[in-house]
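Asker: File name entry-v1.pdb; file contents PDB, C-alpha atoms; full text below.
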ATOM      1  CA  MET A   1       8.484   7.480  22.815
ATOM      2  CA  THR A   2       4.935   8.804  23.161
ATOM      3  CA  ILE A   3       3.214   9.217  19.799
ATOM      4  CA  SER A   4       0.106  11.366  19.521
ATOM      5  CA  ILE A   5      -1.991  11.730  16.365
ATOM      6  CA  ARG A   6      -4.550  14.460  15.710
ATOM      7  CA  PRO A   7      -5.679  16.944  13.060
ATOM      8  CA  PRO A   8      -3.382  19.973  12.722
ATOM      9  CA  THR A   9      -4.820  23.076  14.382
ATOM     10  CA  ILE A  10      -2.476  25.917  13.415
ATOM     11  CA  ILE A  11      -0.663  27.018  10.255
ATOM     12  CA  LYS A  12       2.718  25.935  11.635
ATOM     13  CA  GLU A  13       1.486  22.334  11.828
ATOM     14  CA  TYR A  14       0.384  22.390   8.195
ATOM     15  CA  GLU A  15       3.805  23.802   7.320
ATOM     16  CA  ALA A  16       5.346  20.902   9.236
ATOM     17  CA  ILE A  17       3.433  18.443   7.026
ATOM     18  CA  GLU A  18       4.824  20.182   3.953
ATOM     19  CA  ARG A  19       8.377  19.779   5.301
ATOM     20  CA  LEU A  20       7.760  16.163   6.277
ATOM     21  CA  GLN A  21       6.869  15.297   2.686
ATOM     22  CA  SER A  22      10.230  16.556   1.416
ATOM     23  CA  LYS A  23      12.162  14.739   4.141
ATOM     24  CA  ILE A  24      10.363  11.418   3.715
ATOM     25  CA  TRP A  25      10.406  11.249  -0.093
ATOM     26  CA  GLY A  26      13.779  12.940  -0.506
ATOM     27  CA  SER A  27      12.485  15.565  -2.934
ATOM     28  CA  SER A  28      10.517  18.798  -2.920
ATOM     29  CA  ALA A  29       8.949  17.894  -6.277
ATOM     30  CA  GLY A  30       5.271  17.064  -5.984
ATOM     31  CA  VAL A  31       4.912  18.230  -2.382
ATOM     32  CA  THR A  32       1.337  19.171  -1.495
ATOM     33  CA  PRO A  33       1.512  22.803  -0.343
ATOM     34  CA  VAL A  34       0.066  24.286   2.816
ATOM     35  CA  HIS A  35      -2.812  26.085   1.107
ATOM     36  CA  VAL A  36      -4.052  22.834  -0.445
ATOM     37  CA  LEU A  37      -3.773  20.944   2.854
ATOM     38  CA  LEU A  38      -5.696  23.723   4.593
ATOM     39  CA  THR A  39      -8.449  23.607   1.987
ATOM     40  CA  ILE A  40      -8.699  19.812   2.176
ATOM     41  CA  ALA A  41      -9.184  20.006   5.948
ATOM     42  CA  LYS A  42     -11.529  23.003   5.827
ATOM     43  CA  GLU A  43     -13.819  21.302   3.324
ATOM     44  CA  GLY A  44     -14.362  18.263   5.528
ATOM     45  CA  SER A  45     -11.686  15.756   4.544
ATOM     46  CA  VAL A  46      -9.151  14.155   6.887
ATOM     47  CA  VAL A  47      -5.695  15.609   7.576
ATOM     48  CA  LEU A  48      -3.642  14.128  10.444
ATOM     49  CA  ILE A  49      -0.235  14.814  11.960
ATOM     50  CA  ALA A  50       1.772  12.536  14.274
ATOM     51  CA  PHE A  51       3.997  13.907  17.047
ATOM     52  CA  ASP A  52       6.723  12.426  19.195
ATOM     53  CA  GLY A  53       6.226  14.816  22.100
ATOM     54  CA  GLU A  54       6.199  18.133  20.237
ATOM     55  CA  GLU A  55       8.242  16.917  17.233
ATOM     56  CA  PRO A  56       6.260  16.233  14.005
ATOM     57  CA  VAL A  57       7.240  12.773  12.738
ATOM     58  CA  GLY A  58       4.466  11.685  10.374
ATOM     59  CA  PHE A  59       1.252  12.637   8.648
ATOM     60  CA  ALA A  60      -1.687  11.384   6.621
ATOM     61  CA  TYR A  61      -4.210  13.117   4.463
ATOM     62  CA  GLY A  62      -6.984  12.311   2.043
ATOM     63  CA  PHE A  63      -9.920  13.945   0.351
ATOM     64  CA  LEU A  64     -13.466  13.031  -0.552
ATOM     65  CA  GLY A  65     -13.939  11.209  -3.834
ATOM     66  CA  PHE A  66     -16.468   9.063  -5.654
ATOM     67  CA  THR A  67     -16.668   5.401  -6.568
ATOM     68  CA  GLU A  68     -17.511   4.258 -10.091
ATOM     69  CA  ASP A  69     -21.196   4.160  -9.067
ATOM     70  CA  ASN A  70     -21.025   7.674  -7.516
ATOM     71  CA  ARG A  71     -20.884   6.710  -3.841
ATOM     72  CA  VAL A  72     -18.853   9.068  -1.677
ATOM     73  CA  LYS A  73     -15.579   7.644  -0.368
ATOM     74  CA  MET A  74     -12.381   8.883   1.253
ATOM     75  CA  ALA A  75      -9.403   8.889  -1.105
ATOM     76  CA  SER A  76      -6.295   8.601   1.072
ATOM     77  CA  HIS A  77      -3.506  10.244  -0.896
ATOM     78  CA  GLN A  78      -0.423  10.163   1.346
ATOM     79  CA  VAL A  79       0.756   8.586   4.587
ATOM     80  CA  GLY A  80       4.362   9.188   5.555
ATOM     81  CA  VAL A  81       6.683   8.714   8.528
ATOM     82  CA  LEU A  82      10.219  10.048   8.953
ATOM     83  CA  PRO A  83      12.862   7.361   8.229
ATOM     84  CA  ALA A  84      14.110   7.428  11.827
ATOM     85  CA  TYR A  85      10.587   6.567  13.032
ATOM     86  CA  GLN A  86       9.714   3.863  10.536
ATOM     87  CA  ASP A  87       9.086   0.286  11.665
ATOM     88  CA  ARG A  88       7.516   1.583  14.883
ATOM     89  CA  ARG A  89       3.870   1.084  13.803
ATOM     90  CA  ILE A  90       3.269   4.830  13.399
ATOM     91  CA  GLY A  91       1.991   4.409   9.845
ATOM     92  CA  HIS A  92      -0.343   1.711  11.159
ATOM     93  CA  GLN A  93      -1.597   4.053  13.875
ATOM     94  CA  LEU A  94      -2.160   6.858  11.347
ATOM     95  CA  LYS A  95      -4.324   4.564   9.219
ATOM     96  CA  LEU A  96      -6.392   3.472  12.214
ATOM     97  CA  VAL A  97      -7.047   7.079  13.232
ATOM     98  CA  GLN A  98      -7.918   7.845   9.608
ATOM     99  CA  ARG A  99     -10.404   4.963   9.679
ATOM    100  CA  GLU A 100     -12.114   6.257  12.817
ATOM    101  CA  ALA A 101     -12.322   9.790  11.410
ATOM    102  CA  THR A 102     -13.825   8.479   8.180
ATOM    103  CA  LEU A 103     -16.340   6.259   9.965
ATOM    104  CA  ALA A 104     -17.425   9.343  11.927
ATOM    105  CA  LYS A 105     -18.386  10.907   8.582
ATOM    106  CA  ASN A 106     -20.677   7.926   7.870
ATOM    107  CA  LEU A 107     -18.453   6.670   5.068
ATOM    108  CA  ASP A 108     -17.535   2.997   4.671
ATOM    109  CA  LEU A 109     -14.778   3.036   2.036
ATOM    110  CA  ILE A 110     -11.232   4.406   1.878
ATOM    111  CA  THR A 111      -9.100   3.864  -1.214
ATOM    112  CA  TRP A 112      -5.437   4.561  -1.928
ATOM    113  CA  THR A 113      -2.592   3.471  -4.174
ATOM    114  CA  PHE A 114       0.798   1.934  -3.460
ATOM    115  CA  ASP A 115       3.620   0.250  -5.341
ATOM    116  CA  PRO A 116       2.763  -3.479  -5.499
ATOM    117  CA  LEU A 117       6.443  -4.449  -5.335
ATOM    118  CA  GLN A 118       6.863  -2.803  -1.912
ATOM    119  CA  GLY A 119       6.295  -5.808   0.321
ATOM    120  CA  ARG A 120       6.372  -3.940   3.632
ATOM    121  CA  ASN A 121       3.551  -1.650   2.511
ATOM    122  CA  ALA A 122       1.630  -4.621   1.152
ATOM    123  CA  ARG A 123       1.928  -6.454   4.465
ATOM    124  CA  LEU A 124       0.507  -3.452   6.332
ATOM    125  CA  ASN A 125      -2.233  -2.664   3.837
ATOM    126  CA  LEU A 126      -3.562  -6.157   3.182
ATOM    127  CA  ARG A 127      -2.602  -8.267   6.198
ATOM    128  CA  LYS A 128      -2.874  -5.795   9.086
ATOM    129  CA  LEU A 129      -5.504  -3.364   7.805
ATOM    130  CA  GLY A 130      -7.619  -5.694   5.682
ATOM    131  CA  ALA A 131      -7.568  -3.707   2.446
ATOM    132  CA  VAL A 132      -7.953  -5.693  -0.782
ATOM    133  CA  CYS A 133      -7.035  -5.037  -4.407
ATOM    134  CA  ASN A 134      -8.376  -5.954  -7.825
ATOM    135  CA  THR A 135      -7.294  -2.794  -9.664
ATOM    136  CA  TYR A 136      -3.879  -2.403 -11.288
ATOM    137  CA  ILE A 137      -2.796   0.917 -12.824
ATOM    138  CA  PRO A 138       0.343   0.831 -15.021
ATOM    139  CA  ASP A 139       2.707   3.831 -14.738
ATOM    140  CA  PHE A 140       0.067   5.810 -12.838
ATOM    141  CA  TYR A 141       2.153   8.909 -12.099
ATOM    142  CA  GLY A 142       4.583   8.689 -15.011
ATOM    143  CA  ASP A 143       8.253   9.301 -14.216
ATOM    144  CA  MET A 144       8.755  10.180 -10.541
ATOM    145  CA  PRO A 145      11.991  11.943  -9.506
ATOM    146  CA  ASP A 146      11.964  11.292  -5.768
ATOM    147  CA  GLU A 147      14.354   8.865  -4.094
ATOM    148  CA  LEU A 148      11.721   6.264  -3.297
ATOM    149  CA  ASN A 149      10.172   6.011  -6.754
ATOM    150  CA  ARG A 150      12.735   6.914  -9.393
ATOM    151  CA  GLY A 151      14.030   4.210 -11.694
ATOM    152  CA  LEU A 152      10.861   2.215 -12.439
ATOM    153  CA  PRO A 153       7.472   2.814 -14.066
ATOM    154  CA  SER A 154       5.140   4.064 -11.338
ATOM    155  CA  ASP A 155       2.729   1.108 -11.407
ATOM    156  CA  ARG A 156       0.216   1.069  -8.568
ATOM    157  CA  PHE A 157      -2.323  -1.120  -6.804
ATOM    158  CA  ARG A 158      -5.523   0.784  -6.036
ATOM    159  CA  VAL A 159      -6.762  -0.827  -2.816
ATOM    160  CA  ASP A 160     -10.242  -0.810  -1.315
ATOM    161  CA  TRP A 161     -10.545  -0.610   2.473
ATOM    162  CA  TRP A 162     -14.115  -1.437   3.495
ATOM    163  CA  ILE A 163     -13.726   0.093   6.919
ATOM    164  CA  ALA A 164     -17.151  -0.800   8.332
ATOM    165  CA  SER A 165     -16.986  -4.481   7.317
ATOM    166  CA  GLU A 166     -16.539  -7.377   9.697
ATOM    167  CA  TYR A 167     -13.611  -8.500   7.568
ATOM    168  CA  VAL A 168     -11.711  -5.277   8.305
ATOM    169  CA  THR A 169     -12.813  -5.206  11.936
ATOM    170  CA  GLN A 170     -11.244  -8.634  12.478
ATOM    171  CA  ARG A 171      -8.028  -7.687  10.690
ATOM    172  CA  VAL A 172      -7.431  -4.441  12.570
ATOM    173  CA  ALA A 173      -8.193  -6.239  15.842
ATOM    174  CA  GLY A 174      -5.266  -8.534  15.073
ATOM    175  CA  LYS A 175      -7.316 -11.719  14.804
ATOM    176  CA  GLU A 176      -5.168 -14.626  13.646
ATOM    177  CA  VAL A 177      -5.411 -15.115   9.889
ATOM    178  CA  ALA A 178      -5.578 -18.596   8.411
ATOM    179  CA  GLU A 179      -2.895 -19.135   5.780
ATOM    180  CA  PRO A 180      -2.911 -21.778   3.049
ATOM    181  CA  GLU A 181      -0.421 -24.611   3.136
ATOM    182  CA  LEU A 182       2.581 -23.867   0.930
ATOM    183  CA  PRO A 183       3.521 -25.171  -1.492
ATOM    184  CA  SER A 184       0.259 -26.787  -2.533
ATOM    185  CA  PRO A 185      -1.501 -27.745  -5.779
ATOM    186  CA  LYS A 186      -4.502 -25.857  -4.387
ATOM    187  CA  CYS A 187      -2.429 -22.667  -4.057
ATOM    188  CA  PRO A 188       0.359 -22.628  -6.666
ATOM    189  CA  VAL A 189       2.991 -19.923  -7.126
ATOM    190  CA  LEU A 190       2.468 -18.376 -10.560
ATOM    191  CA  ASN A 191       5.997 -16.980 -10.913
ATOM    192  CA  PRO A 192       8.387 -18.835  -8.585
ATOM    193  CA  ALA A 193      11.673 -16.964  -8.471
ATOM    194  CA  HIS A 194      15.007 -18.516  -9.364
ATOM    195  CA  ILE A 195      17.979 -17.359  -7.319
ATOM    196  CA  LEU A 196      20.865 -16.320  -9.540
ATOM    197  CA  GLU A 197      24.536 -16.984  -8.774
ATOM    198  CA  ASN A 198      24.823 -13.435  -7.414
ATOM    199  CA  GLY A 199      22.056 -14.202  -4.914
ATOM    200  CA  LEU A 200      19.420 -12.033  -6.584
ATOM    201  CA  PRO A 201      15.966 -13.380  -7.458
ATOM    202  CA  THR A 202      14.658 -13.484 -11.016
ATOM    203  CA  PRO A 203      11.027 -14.358 -11.771
ATOM    204  CA  ALA A 204       9.878 -17.249 -13.927
ATOM    205  CA  ASP A 205       9.630 -16.288 -17.594
ATOM    206  CA  THR A 206       6.068 -17.526 -18.122
ATOM    207  CA  PHE A 207       2.942 -18.096 -16.058
ATOM    208  CA  ASP A 208      -0.481 -19.699 -16.346
ATOM    209  CA  LEU A 209      -3.491 -18.940 -14.209
ATOM    210  CA  PRO A 210      -4.538 -22.041 -12.266
ATOM    211  CA  GLY A 211      -7.943 -23.624 -12.012
ATOM    212  CA  SER A 212      -7.827 -23.202  -8.227
ATOM    213  CA  ASP A 213      -9.521 -20.481  -6.202
ATOM    214  CA  LEU A 214      -6.211 -19.486  -4.579
ATOM    215  CA  CYS A 215      -2.818 -18.706  -6.040
ATOM    216  CA  LEU A 216       0.364 -16.833  -5.153
ATOM    217  CA  VAL A 217       2.390 -14.158  -6.901
ATOM    218  CA  GLU A 218       5.982 -13.755  -5.742
ATOM    219  CA  ILE A 219       7.581 -10.309  -5.451
ATOM    220  CA  PRO A 220      11.129  -9.284  -4.482
ATOM    221  CA  VAL A 221      11.836  -9.054  -0.768
ATOM    222  CA  ASN A 222      13.768  -5.772  -1.028
ATOM    223  CA  LEU A 223      12.847  -3.625  -4.021
ATOM    224  CA  PRO A 224      15.066  -0.603  -3.137
ATOM    225  CA  THR A 225      18.165  -2.795  -2.961
ATOM    226  CA  LEU A 226      17.254  -4.568  -6.187
ATOM    227  CA  LYS A 227      16.821  -1.229  -7.984
ATOM    228  CA  ASN A 228      20.234  -0.084  -6.785
ATOM    229  CA  VAL A 229      22.263  -3.175  -7.633
ATOM    230  CA  ALA A 230      20.335  -4.624 -10.608
ATOM    231  CA  PRO A 231      17.967  -2.074 -12.194
ATOM    232  CA  ASP A 232      17.339  -4.268 -15.250
ATOM    233  CA  LEU A 233      16.233  -7.110 -12.991
ATOM    234  CA  ALA A 234      13.969  -4.760 -11.014
ATOM    235  CA  LEU A 235      12.348  -3.701 -14.298
ATOM    236  CA  LYS A 236      11.852  -7.360 -15.245
ATOM    237  CA  TRP A 237       9.959  -7.900 -11.976
ATOM    238  CA  ARG A 238       7.845  -4.822 -12.636
ATOM    239  CA  LEU A 239       6.818  -5.832 -16.138
ATOM    240  CA  GLN A 240       6.252  -9.496 -15.356
ATOM    241  CA  THR A 241       4.137  -8.910 -12.256
ATOM    242  CA  ARG A 242       2.210  -6.203 -14.127
ATOM    243  CA  GLU A 243       1.150  -8.790 -16.681
ATOM    244  CA  ILE A 244       0.249 -11.328 -13.999
ATOM    245  CA  PHE A 245      -1.855  -8.966 -11.898
ATOM    246  CA  GLU A 246      -3.686  -7.445 -14.861
ATOM    247  CA  THR A 247      -4.506 -10.928 -16.146
ATOM    248  CA  ALA A 248      -5.526 -12.308 -12.759
ATOM    249  CA  PHE A 249      -7.698  -9.328 -11.842
ATOM    250  CA  SER A 250      -9.475  -9.526 -15.207
ATOM    251  CA  GLN A 251     -10.262 -13.175 -14.416
ATOM    252  CA  GLY A 252     -11.925 -12.438 -11.083
ATOM    253  CA  TYR A 253      -9.004 -12.725  -8.635
ATOM    254  CA  THR A 254      -8.433 -10.277  -5.771
ATOM    255  CA  ALA A 255      -5.221  -9.723  -3.799
ATOM    256  CA  VAL A 256      -6.157 -10.330  -0.161
ATOM    257  CA  ASP A 257      -2.899 -10.885   1.739
ATOM    258  CA  LEU A 258       0.901 -10.703   1.664
ATOM    259  CA  LEU A 259       2.496 -13.917   2.954
ATOM    260  CA  ARG A 260       6.092 -14.447   4.020
ATOM    261  CA  ARG A 261       7.725 -17.846   3.691
ATOM    262  CA  GLU A 262      11.402 -18.703   4.178
ATOM    263  CA  GLY A 263      12.528 -15.157   3.478
ATOM    264  CA  ARG A 264      10.309 -14.681   0.416
ATOM    265  CA  ASN A 265       7.196 -12.576  -0.225
ATOM    266  CA  TYR A 266       4.009 -13.776  -1.908
ATOM    267  CA  TYR A 267       0.707 -12.085  -2.623
ATOM    268  CA  LEU A 268      -2.254 -14.329  -1.941
ATOM    269  CA  LEU A 269      -4.896 -14.023  -4.663
ATOM    270  CA  GLN A 270      -8.423 -15.338  -4.173
ATOM    271  CA  ARG A 271     -11.001 -15.845  -6.888
ATOM    272  CA  ASP A 272     -14.464 -14.291  -6.377
ATOM    273  CA  TRP A 273     -13.569 -12.728  -3.008
ATOM    274  CA  GLN A 274     -16.562 -11.217  -1.172
ATOM    275  CA  ARG A 275     -16.362  -8.943   1.843
ATOM    276  CA  THR A 276     -18.313  -9.757   4.983
TER     277      THR A 276
END
Write out the structure in this file as structure tokens.

Answerer:
Amino acid sequence: MTISIRPPTIIKEYEAIERLQSKIWGSSAGVTPVHVLLTIAKEGSVVLIAFDGEEPVGFAYGFLGFTEDNRVKMASHQVGVLPAYQDRRIGHQLKLVQREATLAKNLDLITWTFDPLQGRNARLNLRKLGAVCNTYIPDFYGDMPDELNRGLPSDRFRVDWWIASEYVTQRVAGKEVAEPELPSPKCPVLNPAHILENGLPTPADTFDLPGSDLCLVEIPVNLPTLKNVAPDLALKWRLQTREIFETAFSQGYTAVDLLRREGRNYYLLQRDWQRT
């Protein structure tokens, strides 16, 4: 498999991105049409397509936006890879090419949203790319009919990727990341899950923010499976973690990593995080 990534150059390649959206998300609803993709690219934003040989297998696109203090940034809206090509680092490669293209425009920030209960995405975004999050948006898109999103409120993390920082440079280079000792009074789990008799995890009913600078928030290991077999339990996770993240972010914590321990997933939150 030889994957190449570049901006689309002809109409047929933009049409391929339109088709990829439907295949990846399992719905034609909400697909960004060719004329919008063309305009985004023409006006100076970043549109990318990934090929296996001559076969389109993935894409990424974003558009210029503004921060709260009116600095120009790149708002990355979608990155997708065909199911048959997932878990082959293609999404990772698309983000790295997006970073280089954005740096070439003399911009230092890319933002995007993702479902905070999707651990695989969190691992890529925070651990491997070095994005961080202190913004939680409840039910951002409202009801979503596609296969990946239907069944839960569309809550989202809005992550900040400071692409010119040393912090990000070290992460994308694959430098080993120090992890806190677990479990530890200095890094407690706010919502340790209890495993039910059916083998499914349920979160703790209550939580308290610690006095420590580090803490952990547990999330389900496999959200799609949980939604299919126990939708009420999936909703409980959504609502409970929503409350935790909104509270923690308001108290100065930032999500900086996704840790895996003994088959379980934990966000690492750090108080007063500063980029370098």

Asker: Please report the interatomic distance between atom CA of A:Lys128 and atom CA of A:Pro8 in Å with one decimal.

Answerer: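 Going from atom CA of A:Lys128 over to atom CA of A:Pro8 covers 26.0 Å.
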
Asker: If you count only C-alpha atoms, which residues fall within 8 Å of A:Val47, apart from same-chain ones fewer than 4 positions away, as JSON, numbers by chain?

Answerer: {"A": [7, 8, 37, 40, 41, 59, 60, 61, 62]}

Asker: Written as a list in words, what is the full residue list that the PyMOL selection byres ((chain A and resi 30) around 10) yields on the file shown?

Answerer: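 Applied to this file, the PyMOL selection byres ((chain A and resi 30) around 10) selects Gln21, Ser22, Trp25, Ser27, Ser28, Ala29, Val31, Thr32, Pro33, Met144, Pro145 and Asp146 of chain A.
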
Asker: Name the closest residue to A:Tyr167 among the candidates A:Pro210, A:Gly58, A:Pro231, A:Gly130; distances are taken between atoms, counting all atoms listed in the file.

Answerer: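 Using all atoms listed in the file, the shortest distance to A:Tyr167 belongs to A:Gly130.
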
Asker: Go through the shown structure with the PyMOL selection byres ((chain A and resi 262-271) around 6) and write out the matching residues as a ChimeraX atom specification.

Answerer: /A:213-219,221,252-261,272-273

Asker: Mind checking which residues fall within 9 Å of A:Trp112, counting only C-alpha atoms, ignoring those fewer than 6 positions away in the same chain, and posting them as number ranges by chain?

Answerer: A: 62, 74-78, 157-161

Asker: Write a file of the selected residues as a PDB file, keeping the file's coordinate frame, keeping C-alpha atoms.

Answerer:
ATOM      1  CA  GLY A  62      -6.984  12.311   2.043  1.00  0.00           C
ATOM      2  CA  MET A  74     -12.381   8.883   1.253  1.00  0.00           C
ATOM      3  CA  ALA A  75      -9.403   8.889  -1.105  1.00  0.00           C
ATOM      4  CA  SER A  76      -6.295   8.601   1.072  1.00  0.00           C
ATOM      5  CA  HIS A  77      -3.506  10.244  -0.896  1.00  0.00           C
ATOM      6  CA  GLN A  78      -0.423  10.163   1.346  1.00  0.00           C
ATOM      7  CA  PHE A 157      -2.323  -1.120  -6.804  1.00  0.00           C
ATOM      8  CA  ARG A 158      -5.523   0.784  -6.036  1.00  0.00           C
ATOM      9  CA  VAL A 159      -6.762  -0.827  -2.816  1.00  0.00           C
ATOM     10  CA  ASP A 160     -10.242  -0.810  -1.315  1.00  0.00           C
ATOM     11  CA  TRP A 161     -10.545  -0.610   2.473  1.00  0.00           C
TER      12      TRP A 161
END

Asker: Can you pull out the residues contacting A:Thr2? Cut-off 10 Å, using only C-alpha atoms, and skip same-chain residues under 6 positions away; I want them as a ChimeraX atom specification.

Answerer: /A:51-54

Asker: What does the structure give for the distance between atom CA of A:Ile110 and atom CA of A:Leu129, in Å to one decimal?

Answerer: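 Atom CA of A:Leu129 lies 11.3 Å from atom CA of A:Ile110.
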
Asker: Contacts of A:Glu243 at 10 Å or less, counting only C-alpha atoms, minus same-chain residues fewer than 4 places along, as an NGL selection string?

Answerer: :A and (136 or 138 or 207 or 238-239 or 247-248)

Asker: Using only C-alpha atoms, what table do you get, as CSV, when you list each residue of stretch 103-186 of chain A with an atom no more than 10 Å from stretch 80-91 of chain A, its nearest pair of atoms, and their distance in Å rounded to one decimal, rows by chain then rising number?

Answerer:
residue,atom,partner,partner_atom,distance
A:Arg120,CA,A:Asp87,CA,9.5
A:Asn121,CA,A:Gly91,CA,9.6
A:Leu124,CA,A:Gly91,CA,8.7

Asker: Could you jot down the atom CA of A:Val79 to atom CA of A:Phe245 separation for me, Å, one decimal place?

Answerer: 24.2 Å

Asker: Will you model N, CA and C atoms for stretch 40-57 of chain A and pass it back as a CSV table (one decimal), in the frame of the given file?

Answerer:
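New file selection.csv:
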chain,number,residue,atom,x,y,z
A,40,ILE,N,-8.2,21.2,2.0
A,40,ILE,CA,-8.7,19.8,2.2
A,40,ILE,C,-9.3,19.6,3.5
A,41,ALA,N,-8.7,20.1,4.6
A,41,ALA,CA,-9.2,20.0,5.9
A,41,ALA,C,-10.4,20.9,6.1
A,42,LYS,N,-10.4,22.1,5.6
A,42,LYS,CA,-11.5,23.0,5.8
A,42,LYS,C,-12.8,22.5,5.2
A,43,GLU,N,-12.7,21.8,4.1
A,43,GLU,CA,-13.8,21.3,3.3
A,43,GLU,C,-14.3,19.9,3.8
A,44,GLY,N,-13.8,19.4,4.9
A,44,GLY,CA,-14.4,18.3,5.5
A,44,GLY,C,-13.6,17.0,5.3
A,45,SER,N,-12.4,17.0,4.7
A,45,SER,CA,-11.7,15.8,4.5
A,45,SER,C,-10.7,15.6,5.7
A,46,VAL,N,-9.9,14.5,5.7
A,46,VAL,CA,-9.2,14.2,6.9
A,46,VAL,C,-7.7,14.5,6.7
A,47,VAL,N,-7.1,15.3,7.5
A,47,VAL,CA,-5.7,15.6,7.6
A,47,VAL,C,-5.2,15.3,9.0
A,48,LEU,N,-4.1,14.5,9.1
A,48,LEU,CA,-3.6,14.1,10.4
A,48,LEU,C,-2.1,14.4,10.5
A,49,ILE,N,-1.7,14.7,11.7
A,49,ILE,CA,-0.2,14.8,12.0
A,49,ILE,C,0.1,14.0,13.2
A,50,ALA,N,1.3,13.3,13.2
A,50,ALA,CA,1.8,12.5,14.3
A,50,ALA,C,2.9,13.2,14.9
A,51,PHE,N,2.9,13.3,16.3
A,51,PHE,CA,4.0,13.9,17.0
A,51,PHE,C,4.7,12.9,18.0
A,52,ASP,N,6.0,13.0,18.1
A,52,ASP,CA,6.7,12.4,19.2
A,52,ASP,C,7.0,13.6,20.2
A,53,GLY,N,6.2,13.6,21.2
A,53,GLY,CA,6.2,14.8,22.1
A,53,GLY,C,5.7,16.0,21.3
A,54,GLU,N,6.6,17.0,21.0
A,54,GLU,CA,6.2,18.1,20.2
A,54,GLU,C,6.8,18.1,18.8
A,55,GLU,N,7.5,17.0,18.5
A,55,GLU,CA,8.2,16.9,17.2
A,55,GLU,C,7.4,16.2,16.2
A,56,PRO,N,7.0,16.9,15.1
A,56,PRO,CA,6.3,16.2,14.0
A,56,PRO,C,7.1,15.1,13.4
A,57,VAL,N,6.5,13.9,13.3
A,57,VAL,CA,7.2,12.8,12.7
A,57,VAL,C,6.5,12.0,11.6
